[in-house]
Amino acid sequence: MMLTITMILFCLFILFHTLYIFIPLYSSREQKRVYPTKEKGISILIPAFNETLVIENCLMGIFNVDYNDLEILFINDGSTDDTLETFHKHLMLVKTSKSKQGVLEYESVKDVYRSEKYPYIWVIDKGNGGKADALNAGIDFAKNEIVITLDADSILEPNSLNEMNLTFTDDSVVAAGGLVNIVQGFKRSGQKLIPCFKLSGLIRYQVVQYLNAFYLHKTTQSRFGTITVIAGAFGAFRRSILIQAKGYRKTVGEDMDITLRIQELIGTVLKGKRIVFVPEAVCYTECPASFKNLYRQRIRWQKAFIDCVITYRKSFFRKMNFKVSTYLLVDSFLLGTLSAYPTLMVPIIVIATMSHLKLSLILLIMSIVLAIMQDIATLLVSKRFGHSYSLRDSITLLFFLPIEVIFFRMTGLFFVTIGTILYFFDKDGWSRSERIGQPIMLDMGVKASVKDTLGG
Amino acid sequence: MKKYAISNLLFTVFFLALFSPLCYLLYDYLLNFGLPPVAAKQSLSETNTAPISVYRDFSGVEEFADKVPVLMYHQIIPERQLKKQHFTEKGDINEMVVTLEEFTKQMNYLKEQNYTVLSLKEFEGFMTNQKKVPAKSVLITFDDGFKNVFEFAYPVLKKHDFYAVNLIITGLITNRTVAYDSTFLQYASIDELKEATDVFDYGNHTHSFHQRNDNGVSYLEAYDREKVKEDLTLANEWLEHSIGFAAPYGEYDTTTLDILKELNIKMAFTVQPGYAAPSQHILEIPRYAVYPFYTMEDFIYILEKR
């Protein structure tokens with residue numbers, strides 16, 4: 001009986017992970033991209049709560065973006081540090097007013113500022129209400145058809161908005177996720193960021209994991225229409241759908257929550273609409289550099305996931321369509337969360353009873369081989385999208401893969417199990433990643449001139 | 001996309017080359033474990049195996065036997081591999097099981113004491129008064145055809161150049177050799193039978209009649225003559241060279257003996273304790289069961305009581 005259950009789970013696991021390898025590998029993408037001449041209006045929402053450290057990076061990213069029909073709304077969510085002052089310093093803000101739709105609820109807005117220097121940048125200063133609340137305020141004030149949500153530490157790649165613009169020319173697309181890269185995994189060379197693998201193990205692990213998650217998993221999910229999370233670091237939505245979804249819900253993982261809400265709409269009233277992943281639309285974000293912060297981040301993610309599963313438990317197969325529900329419940333929940341417990345138990349049981357030793361060994365080796373093959377596929381696919389490492393880095397990477405698979409994935413299991421348990425004890429503890437504010441986008445010369453431009 | 005066709009192909013081939021052997025290993029393991037054994041497709045008669053033809057000349061021996069003890073075993077399992085099901089409710093070892101440790105001691109004793117372990121053919125010669133065998137002679141038999149006999153008893157017997165008769169339920173012999181696991185009651189595979197023909201002669205223990213009906217009557221007694229004959233014939237054809245027979249549970253009637261005569265079975269063993277002597281009915285040869293609770297003294301007593 002146990003053997004049957006194990007085998008069924010294992011076969012599902014193999015099935016999903018083989019799909020994750022071969023779907024992206026054999027998916028063809030247009031190589032020559034023709035961007036539409038007409039730019040759709042884009043409003044970028046950036047919630048900021050005590051973000052003094054990273055604001056400069058963020059602004060730099062925005063100034064670099066190659067797009068015209070743009071408005072940027074910073075939402076200062078009642079910061080208690082110098083966030084607002086930093087905005088003042090760089091943007092020459094003046095108090096003004098901005099029309100809003102008044103369709104969503106959020107904490108009261110104190111003031112609306114507009115930059116004299118860059119008239120497309122606005123700062124909305126409101127009382128503290130959390131990230132979801134800040135985003136709701138942003139949606140309410142946004143004037144453009146396409147809304148893009150960023151984290152304060154997200155840095156857009158110059159061409160990213162053109163990609164999003166292209167994506168939304170397809171009327172069936174209601175929301176799109178961009179590719180999130182780890183900024184620490186790059187070094188600057190001239191005007192370009194090039195991948196670099198001279199990093200600490202912890203960051204290496206996250207770099208590989210992000211590449212894997214986006215280039216393989218998200219691509220596959222996009223193809224099957226089963227995207228369940230549009231990363232908060234870089235998401236694009238039609239404003240109408242956000243309003244139809246009644247904005248963001250205050251929760252640990254508001255990005256997954258809004259995505260599932262949109263999936264509900266797609267499953268019920270908006271049949272035929274799609275959520276897609278756009279691997280060409282790239283942004284860079286910081287990842288935790290210490291184990292403690294990584295632990296916090298992952299626990300938060302896992303709590304967010306469990307929260308969503310519980311919140312939407314009645315929607316699966318009813319409001320959400322079959323594919324999305326199956327994917328979420330089988331791959332993410334059953335294989336990703338529940339299986340973690342028996343997996344951690346297996347070594348103990350096997351050693352204690354000395355039975356099924358060979359079976360466990362076969363399953364373990366299969367998992368490891370599959371994971372390494374998946375990592376290699378990740379490198380192949382990401383290379384096709386221009387994310388290629390130097391020969392030396394590639395060799396380092398290949399040697400790192402087994403370590404990643406054996407050691408770091410175990411750590412992943414640990415996060416999942418602990419996070420799930422902690423959810424039931426401490427639901428509301430949402431703390432965010434520590435910001436580092438490394439001026440990675442800027443080499444020293446450029447930085448100096450930017451400081452001049454910014455009036456800093 | 002054409003551009004990536006080669007790298008895709010290379011990757012896929014590499015993937016399959018690494019992954020398919022692993023899949024096969026898993027498949028193989030599961031066949032061993034998860035699935036119930038399948039009856040052998042091939043019969044022993046189709047495998048070109050010859051019965052043991054050993055027929056030694058004992059003419060120089062000083063003293064000859066007038067009766068020979070026939071030992072009966074069922075299962076041989078190492079002590080540390082004994083599982084719950086090998087014990088009775090009282091905590092004693094099941095009567096059908098002799099531990100490998102005890103069995104080894106017993107065989108060593110036979111060797112040290114220069115016992116002649118007879119082949120079935122020699123035993124037949126003795127029983128039909130065609131051959132004299134040494135005073136210290138013994139015949140070893142195993143009933144049912146359990147895998148553990150092949151796994152554990154066979155190497156011991158082979159080491160001592162002993163022979164033995166394995167009375168098997170031919171319908172239970174499996175098609176594939178699987179890993180040994182004392183948790184399950186495993187029967188031997190056709191390949192294991194083939195490989196052990198240097199030690200074992202195979203005898204008829206019915207094809208599928210090692211059962212009792214709802215009233216507890218053994219099939220040999222419960223079914224009519226035609227059915228019984230059909231089953232025994234099937235087993236005999238399966239074995240081809242079989243000259244020996246033992247009734248399941250030692251339960252049979254005169255009809256059974258008639259059928260055995262019709263099938264030209266030379267010798268049949270019972271479970272009645274006693275010594276085999278040419279004067280006895282050759283289709284009712286008594287045997288001494290060796291029980292797990294026997295001490296070496298008990299074992300020696302059986303051998304030397306005569």
# chains A, B, ... in the order shown; residues from 1 in each chain; ligands from 1
>>> interface_residues(of="chain B", to="chain A", cutoff="9 Å", atoms="only C-alpha atoms", output="count of residues only")
17
>>> select_by_dssp(residues="segment 168-406 of chain A", states="alpha helix (DSSP H)", output="VMD selection string")
chain A and resid 201 to 211 219 to 224 239 to 244 254 to 267 291 to 311 322 to 326 340 to 353 357 to 384 391 to 403
>>> residues_around(residues="Leu199 of chain A", least_positions_apart="6", cutoff="10 Å", atoms="only C-alpha atoms", output="count of residues only")
5
>>> residues_around(residues="Leu156 of chain A", least_positions_apart="6", cutoff="9 Å", atoms="only C-alpha atoms", output="JSON, numbers by chain")
{"A": [58, 60, 61, 62, 64, 65, 150, 234, 281, 282, 283, 284, 285]}
>>> write_last_selection(atoms="N, CA and C atoms", output="PDB file, in the first residue's frame")
ATOM      1  N   CYS A  58      16.326  51.973  -8.019  1.00  0.00           N
ATOM      2  CA  CYS A  58      15.033  51.846  -8.672  1.00  0.00           C
ATOM      3  C   CYS A  58      14.840  52.977  -9.686  1.00  0.00           C
ATOM      4  N   MET A  60      17.138  54.681 -11.137  1.00  0.00           N
ATOM      5  CA  MET A  60      18.063  54.470 -12.245  1.00  0.00           C
ATOM      6  C   MET A  60      17.471  53.543 -13.294  1.00  0.00           C
ATOM      7  N   GLY A  61      16.853  52.468 -12.807  1.00  0.00           N
ATOM      8  CA  GLY A  61      16.220  51.517 -13.712  1.00  0.00           C
ATOM      9  C   GLY A  61      15.159  52.196 -14.541  1.00  0.00           C
ATOM     10  N   ILE A  62      14.399  53.034 -13.882  1.00  0.00           N
ATOM     11  CA  ILE A  62      13.305  53.694 -14.577  1.00  0.00           C
ATOM     12  C   ILE A  62      13.815  54.677 -15.624  1.00  0.00           C
ATOM     13  N   ASN A  64      16.405  54.428 -17.259  1.00  0.00           N
ATOM     14  CA  ASN A  64      16.988  53.678 -18.368  1.00  0.00           C
ATOM     15  C   ASN A  64      15.959  53.065 -19.306  1.00  0.00           C
ATOM     16  N   VAL A  65      14.724  52.996 -18.850  1.00  0.00           N
ATOM     17  CA  VAL A  65      13.717  52.297 -19.640  1.00  0.00           C
ATOM     18  C   VAL A  65      13.435  53.023 -20.939  1.00  0.00           C
ATOM     19  N   LEU A 150       5.859  46.719  -9.539  1.00  0.00           N
ATOM     20  CA  LEU A 150       7.255  46.388  -9.261  1.00  0.00           C
ATOM     21  C   LEU A 150       7.481  46.426  -7.760  1.00  0.00           C
ATOM     22  N   PHE A 234       7.807  41.782 -10.691  1.00  0.00           N
ATOM     23  CA  PHE A 234       7.553  42.299 -12.038  1.00  0.00           C
ATOM     24  C   PHE A 234       6.296  41.634 -12.621  1.00  0.00           C
ATOM     25  N   ALA A 281      10.863  39.899 -21.183  1.00  0.00           N
ATOM     26  CA  ALA A 281      10.718  41.098 -20.360  1.00  0.00           C
ATOM     27  C   ALA A 281      11.428  40.848 -19.045  1.00  0.00           C
ATOM     28  N   VAL A 282      12.556  41.529 -18.869  1.00  0.00           N
ATOM     29  CA  VAL A 282      13.449  41.180 -17.769  1.00  0.00           C
ATOM     30  C   VAL A 282      13.518  42.286 -16.733  1.00  0.00           C
ATOM     31  N   CYS A 283      13.525  41.903 -15.484  1.00  0.00           N
ATOM     32  CA  CYS A 283      13.873  42.869 -14.450  1.00  0.00           C
ATOM     33  C   CYS A 283      14.860  42.215 -13.487  1.00  0.00           C
ATOM     34  N   TYR A 284      15.543  43.027 -12.719  1.00  0.00           N
ATOM     35  CA  TYR A 284      16.556  42.521 -11.798  1.00  0.00           C
ATOM     36  C   TYR A 284      16.136  42.848 -10.389  1.00  0.00           C
ATOM     37  N   THR A 285      16.375  41.914  -9.495  1.00  0.00           N
ATOM     38  CA  THR A 285      16.005  42.186  -8.115  1.00  0.00           C
ATOM     39  C   THR A 285      17.055  41.593  -7.191  1.00  0.00           C
TER      40      THR A 285
END
>>> residues_around(residues="Glu71 of chain A", least_positions_apart="5", cutoff="9 Å", atoms="only C-alpha atoms", output="list in words")
Gly41, Ile42, Ser43, Ile44, Leu45, Pro119, Tyr120, Ile121, Trp122, Ala142, Lys143 and Asn144 of chain A
>>> closest_residue(among="A:Leu166, A:Ile406, A:Leu265, A:Ile372", to="Thr37 of chain A", atoms="only C-alpha atoms")
A:Leu166
>>> residues_around(residues="segment 36-51 of chain B", least_positions_apart="4", cutoff="7 Å", atoms="only C-alpha atoms", output="list in words")
Gly171, Leu172, Ile173, Thr174, Asn175, Ile190, Lys194, Asp201, Glu237, Trp238, Leu239, Glu240 and His241 of chain B
>>> residues_around(residues="segment 55-62 of chain B", least_positions_apart="5", cutoff="9 Å", atoms="only C-alpha atoms", output="VMD selection string")
chain B and resid 118 to 119 121 to 122 125 131 to 135
>>> atom_distance(atom1="atom CA of Lys136 of chain B", atom2="atom CA of Val117 of chain B")
8.7 Å
>>> atom_distance(atom1="atom CA of Thr411 of chain A", atom2="atom CA of Lys131 of chain A")
28.0 Å
>>> decode(residues="segment 210-300 of chain A", atoms="C-alpha atoms", output="short mmCIF file (atom, residue, chain, number, x, y, z; two decimals), in the first residue's frame")
data_model
loop_
_atom_site.label_atom_id
_atom_site.label_comp_id
_atom_site.auth_asym_id
_atom_site.auth_seq_id
_atom_site.Cartn_x
_atom_site.Cartn_y
_atom_site.Cartn_z
CA TYR A 210 15.44 31.60 -10.28
CA LEU A 211 16.65 30.61 -13.74
CA ASN A 212 15.08 27.21 -13.27
CA ALA A 213 11.82 28.61 -11.93
CA PHE A 214 11.40 31.20 -14.66
CA TYR A 215 12.91 29.71 -17.80
CA LEU A 216 11.56 26.21 -17.20
CA HIS A 217 8.66 26.18 -14.77
CA LYS A 218 7.02 29.46 -15.72
CA THR A 219 7.48 28.81 -19.43
CA THR A 220 5.81 25.43 -19.06
CA GLN A 221 3.01 26.82 -16.92
CA SER A 222 2.47 29.63 -19.38
CA ARG A 223 2.10 27.11 -22.17
CA PHE A 224 -0.51 25.11 -20.26
CA GLY A 225 -2.24 28.24 -18.95
CA THR A 226 -1.57 27.25 -15.36
CA ILE A 227 0.35 30.22 -13.98
CA THR A 228 -0.56 30.59 -10.35
CA VAL A 229 1.88 33.29 -9.31
CA ILE A 230 2.89 36.42 -11.13
CA ALA A 231 5.90 37.50 -9.14
CA GLY A 232 5.35 40.73 -7.25
CA ALA A 233 8.75 41.88 -8.46
CA PHE A 234 7.55 42.30 -12.04
CA GLY A 235 3.92 41.81 -13.02
CA ALA A 236 1.82 43.42 -15.72
CA PHE A 237 -1.96 43.59 -15.76
CA ARG A 238 -4.77 45.21 -17.63
CA ARG A 239 -6.08 47.75 -15.16
CA SER A 240 -9.64 46.63 -15.83
CA ILE A 241 -8.91 43.11 -14.66
CA LEU A 242 -7.36 44.34 -11.42
CA ILE A 243 -10.49 46.36 -10.74
CA GLN A 244 -12.70 43.44 -11.74
CA ALA A 245 -10.74 41.35 -9.23
CA LYS A 246 -11.50 44.04 -6.63
CA GLY A 247 -7.85 44.88 -6.19
CA TYR A 248 -5.35 43.24 -3.91
CA ARG A 249 -6.24 41.39 -0.72
CA LYS A 250 -4.25 42.08 2.42
CA THR A 251 -2.34 38.86 2.89
CA VAL A 252 1.18 37.52 3.15
CA GLY A 253 1.37 36.71 -0.53
CA GLU A 254 -0.70 39.30 -2.33
CA ASP A 255 0.96 38.46 -5.67
CA MET A 256 -0.19 34.85 -5.66
CA ASP A 257 -3.55 35.92 -4.31
CA ILE A 258 -4.25 38.34 -7.17
CA THR A 259 -3.10 35.78 -9.73
CA LEU A 260 -5.47 33.16 -8.35
CA ARG A 261 -8.26 35.73 -8.29
CA ILE A 262 -7.65 36.39 -11.98
CA GLN A 263 -7.59 32.63 -12.62
CA GLU A 264 -11.01 32.48 -10.91
CA LEU A 265 -12.26 35.16 -13.30
CA ILE A 266 -10.77 33.29 -16.27
CA GLY A 267 -12.47 30.13 -15.08
CA THR A 268 -15.85 31.82 -14.74
CA VAL A 269 -16.66 35.07 -16.55
CA LEU A 270 -13.56 35.67 -18.66
CA LYS A 271 -13.24 32.32 -20.41
CA GLY A 272 -10.56 32.31 -23.09
CA LYS A 273 -8.46 35.01 -21.48
CA ARG A 274 -4.91 34.14 -20.55
CA ILE A 275 -2.14 34.80 -18.10
CA VAL A 276 1.22 34.50 -19.78
CA PHE A 277 4.87 34.59 -18.91
CA VAL A 278 7.17 36.79 -20.99
CA PRO A 279 10.76 35.58 -20.68
CA GLU A 280 12.04 38.49 -22.78
CA ALA A 281 10.72 41.10 -20.36
CA VAL A 282 13.45 41.18 -17.77
CA CYS A 283 13.87 42.87 -14.45
CA TYR A 284 16.56 42.52 -11.80
CA THR A 285 16.00 42.19 -8.12
CA GLU A 286 18.09 41.62 -5.03
CA CYS A 287 18.04 38.28 -3.31
CA PRO A 288 18.79 37.60 0.35
CA ALA A 289 22.51 37.34 0.93
CA SER A 290 22.42 35.67 4.32
CA PHE A 291 20.89 32.38 5.33
CA LYS A 292 18.80 34.07 7.98
CA ASN A 293 17.18 36.41 5.46
CA LEU A 294 16.76 33.63 2.94
CA TYR A 295 15.03 31.61 5.65
CA ARG A 296 12.68 34.50 6.41
CA GLN A 297 11.89 35.03 2.74
CA ARG A 298 11.18 31.37 2.04
CA ILE A 299 9.10 30.91 5.14
CA ARG A 300 7.08 33.93 4.05
#
